[in-house]
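Visitor: After the structure tokens below, expect a handful of questions from me.
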Amino acid sequence: MFLKPVLAWPLGGALLALAFVSAILLVKPIGVSTQFVIADAAVWDVINPDIITPDENAKSGYSSPNAYLNKSGGKYAANAANPFNYSFVFVLAMMGGAFLSALLKGDKPQSPSEKTMPAVWRERFGENAALRYGVSFLAGFIVLYGARLAGGCTSGHMMSGMMQTALSGYIFALGAFAAALPVAIIVFNKKG
Amino acid sequence: MELTLAIVLGALFGFALNRAGATNPQNIINMLRLNDTSLMKAILFAIGLSSLFLFGGLALGFIDPAHVSIKSAYLGVFIGGLLLGLGFALAGYCPGTGLAAAATGRKDALFFVIGGLIGAFAFTLSYGWLAEHSSFLFDKIAGGDVSLAATGNEKYKALIPVSGTLIGIVQGIAFIAIAYLIPTHILNKK
């Protein structure tokens, strides 16, 4: 039953719920976007070792001259100094799980063209791969800048947040859909 | 032990995202342009079901309230949500699904992830300036770390002063009902 490429929505939703409930039962709510910062900071620290330094006065044991990494007692600095922590490994394993699912007849691009862009994009903007890659890159920039300003993304704010009835989760979902629905409708729906 | 859990739970989440169709940008864009809301139904159903199990589990003592973690509410949450929504609609990816989609061989997702790493870095560099010159972005709303329902975790205040279990269950049923009631095809029917 779980080997269909994409499940009917009640089953897909139930499987997602299993992941979100298991995570909060065993450890803590799921979140992803912070780990983009941790990956950046780990690389930054390799290039410039002064960016994260052990500091016994900091709550996390690490501090940084960068205000964001130094926030909350140097929490991000500490995680970037030891990237093999729960949250970072969780995100790597998430990629592994998606890869495994794709191998087991899950959803994956069926043609070289679909590897480049989804059909809905091709119908609207044509086969130009550079355009699709350029817009995807820019969209990634905006999405992660926004997610860090918001303090979370679709996983952490919208799903984990709303399931816990967090006020921030509803505010985030309101903002995300207030932008996403009109933009998708204007950009992708055929006129007339 | 913690890393074993990270691997098992992360892999389960990635598997679920793929099986729910969330790693395919076609499904995300079709959901957002209201052409096929199946994925939105799956997400609403997942949130509703999760609320039922979470608040049921908290009430019955299966789930430790210390595992509850409520993020702060401030104006930047809304503005960041708008920005995320804009990119989400253009690319058909969000941070988690972009990474997962790249792992299934989608090249546009790889460009999304690289853009994301640079966007996250841009925020890391600009945070200090924003916190100093645009501090209104970070002013807390209604106390910040608050939920509608009481979770039993003393760190977070509940906005509605009745049984948290009741609110959690009502919200769970409401989300599941909405998942069933939203029409699958709203715009551009084929």
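Just remember, in the structure tokens the first chain shown is A, the second B, etc., residues are 1-based per chain, and ligands are 1-based in the order shown.
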Just the residues within 7 Å of Ala93 (chain A), please, counting only C-alpha atoms, with nothing from its chain fewer than 3 positions along; format it as a list in words.
Guide: Val89, Phe90, Gly96 and Gly97 of chain A; Ile7, Gly10 and Ala11 of chain B
Visitor: For the residues in the current selection, export all heavy atoms as a compact mmCIF listing (two decimals), in the first residue's frame.
Guide:
```txt
# COMPACT_ATOMS: atom_id res chain seq x y z
N VAL A 89 21.85 16.13 11.62
CA VAL A 89 21.79 14.76 11.11
C VAL A 89 20.37 14.42 10.67
O VAL A 89 20.17 13.72 9.67
CB VAL A 89 22.31 13.77 12.19
CG1 VAL A 89 22.06 12.32 11.78
CG2 VAL A 89 23.79 14.01 12.44
N PHE A 90 19.39 14.96 11.38
CA PHE A 90 17.99 14.75 11.00
C PHE A 90 17.76 15.21 9.56
O PHE A 90 17.13 14.51 8.76
CB PHE A 90 17.06 15.53 11.95
CG PHE A 90 15.61 15.44 11.60
CD1 PHE A 90 14.81 14.44 12.14
CD2 PHE A 90 15.04 16.34 10.70
CE1 PHE A 90 13.46 14.34 11.79
CE2 PHE A 90 13.70 16.24 10.35
CZ PHE A 90 12.91 15.24 10.90
N GLY A 96 18.25 11.42 2.82
CA GLY A 96 18.42 9.99 2.59
C GLY A 96 17.09 9.27 2.47
O GLY A 96 16.92 8.40 1.61
N GLY A 97 16.13 9.65 3.31
CA GLY A 97 14.81 9.01 3.28
C GLY A 97 14.08 9.29 1.98
O GLY A 97 13.44 8.39 1.41
N ILE B 7 18.56 9.81 12.66
CA ILE B 7 18.59 9.09 11.38
C ILE B 7 17.23 8.45 11.09
O ILE B 7 16.68 8.60 9.99
CB ILE B 7 19.72 8.04 11.39
CG1 ILE B 7 21.08 8.75 11.38
CG2 ILE B 7 19.61 7.10 10.20
CD1 ILE B 7 22.26 7.86 11.70
N GLY B 10 14.49 11.35 10.74
CA GLY B 10 14.76 12.12 9.52
C GLY B 10 14.40 11.32 8.29
O GLY B 10 13.76 11.83 7.36
N ALA B 11 14.80 10.06 8.26
CA ALA B 11 14.51 9.20 7.11
C ALA B 11 13.01 9.00 6.96
O ALA B 11 12.48 9.05 5.84
CB ALA B 11 15.22 7.86 7.26
```
Visitor: Write down as a VMD selection string the residues belonging to region 94-182 of chain B that are assigned helix (DSSP H, G or I) by DSSP computed on the backbone.
Guide: chain B and resid 95 to 103 107 to 133 135 to 138 164 to 181
Visitor: Choose the residue, out of A:Tyr68, A:Ala98, A:Ala17, A:Tyr86, that has the smallest atom-to-atom separation from Thr23 (chain B); count only C-alpha atoms.
Guide: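 The closest residue to Thr23 (chain B) is A:Ala98.
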Visitor: Compile the contact shell of Met162 (chain A) as a list in words: residues with an atom at most 10 Å away, counting only C-alpha atoms, same-chain residues fewer than 2 positions apart removed.
Guide: Ser155, Gly156, His157, Met158, Met159, Ser160, Gln164, Thr165, Ala166, Leu167, Ser168, Gly169, Tyr170, Ile171, Phe172 and Ala173 of chain A; Leu44, Ile47, Gly48, Ser50, Ser51, Ile70, Ser147, Leu148, Gln171 and Gly172 of chain B
Visitor: I need the strand (DSSP E or B) residues of region 9-173 of chain A per DSSP on the backbone, written as a list in words.
Guide: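 Checking each residue of region 9-173 of chain A, the strand (DSSP E or B) ones are Thr53, Pro54, Tyr62, Ser63 and Ala166 of chain A.
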Visitor: Using only C-alpha atoms, determine which residues lie at most 10 Å from Val183 (chain A), disregarding the query and same-chain residues fewer than 5 positions distant; provide the list as a list in words.
Guide: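 So the residues in contact are Phe177, Ala178, Phe188 and Asn189 of chain A; Leu32, Arg33, Gly85, Leu86, Gly87, Phe88, Ala89 and Leu90 of chain B.
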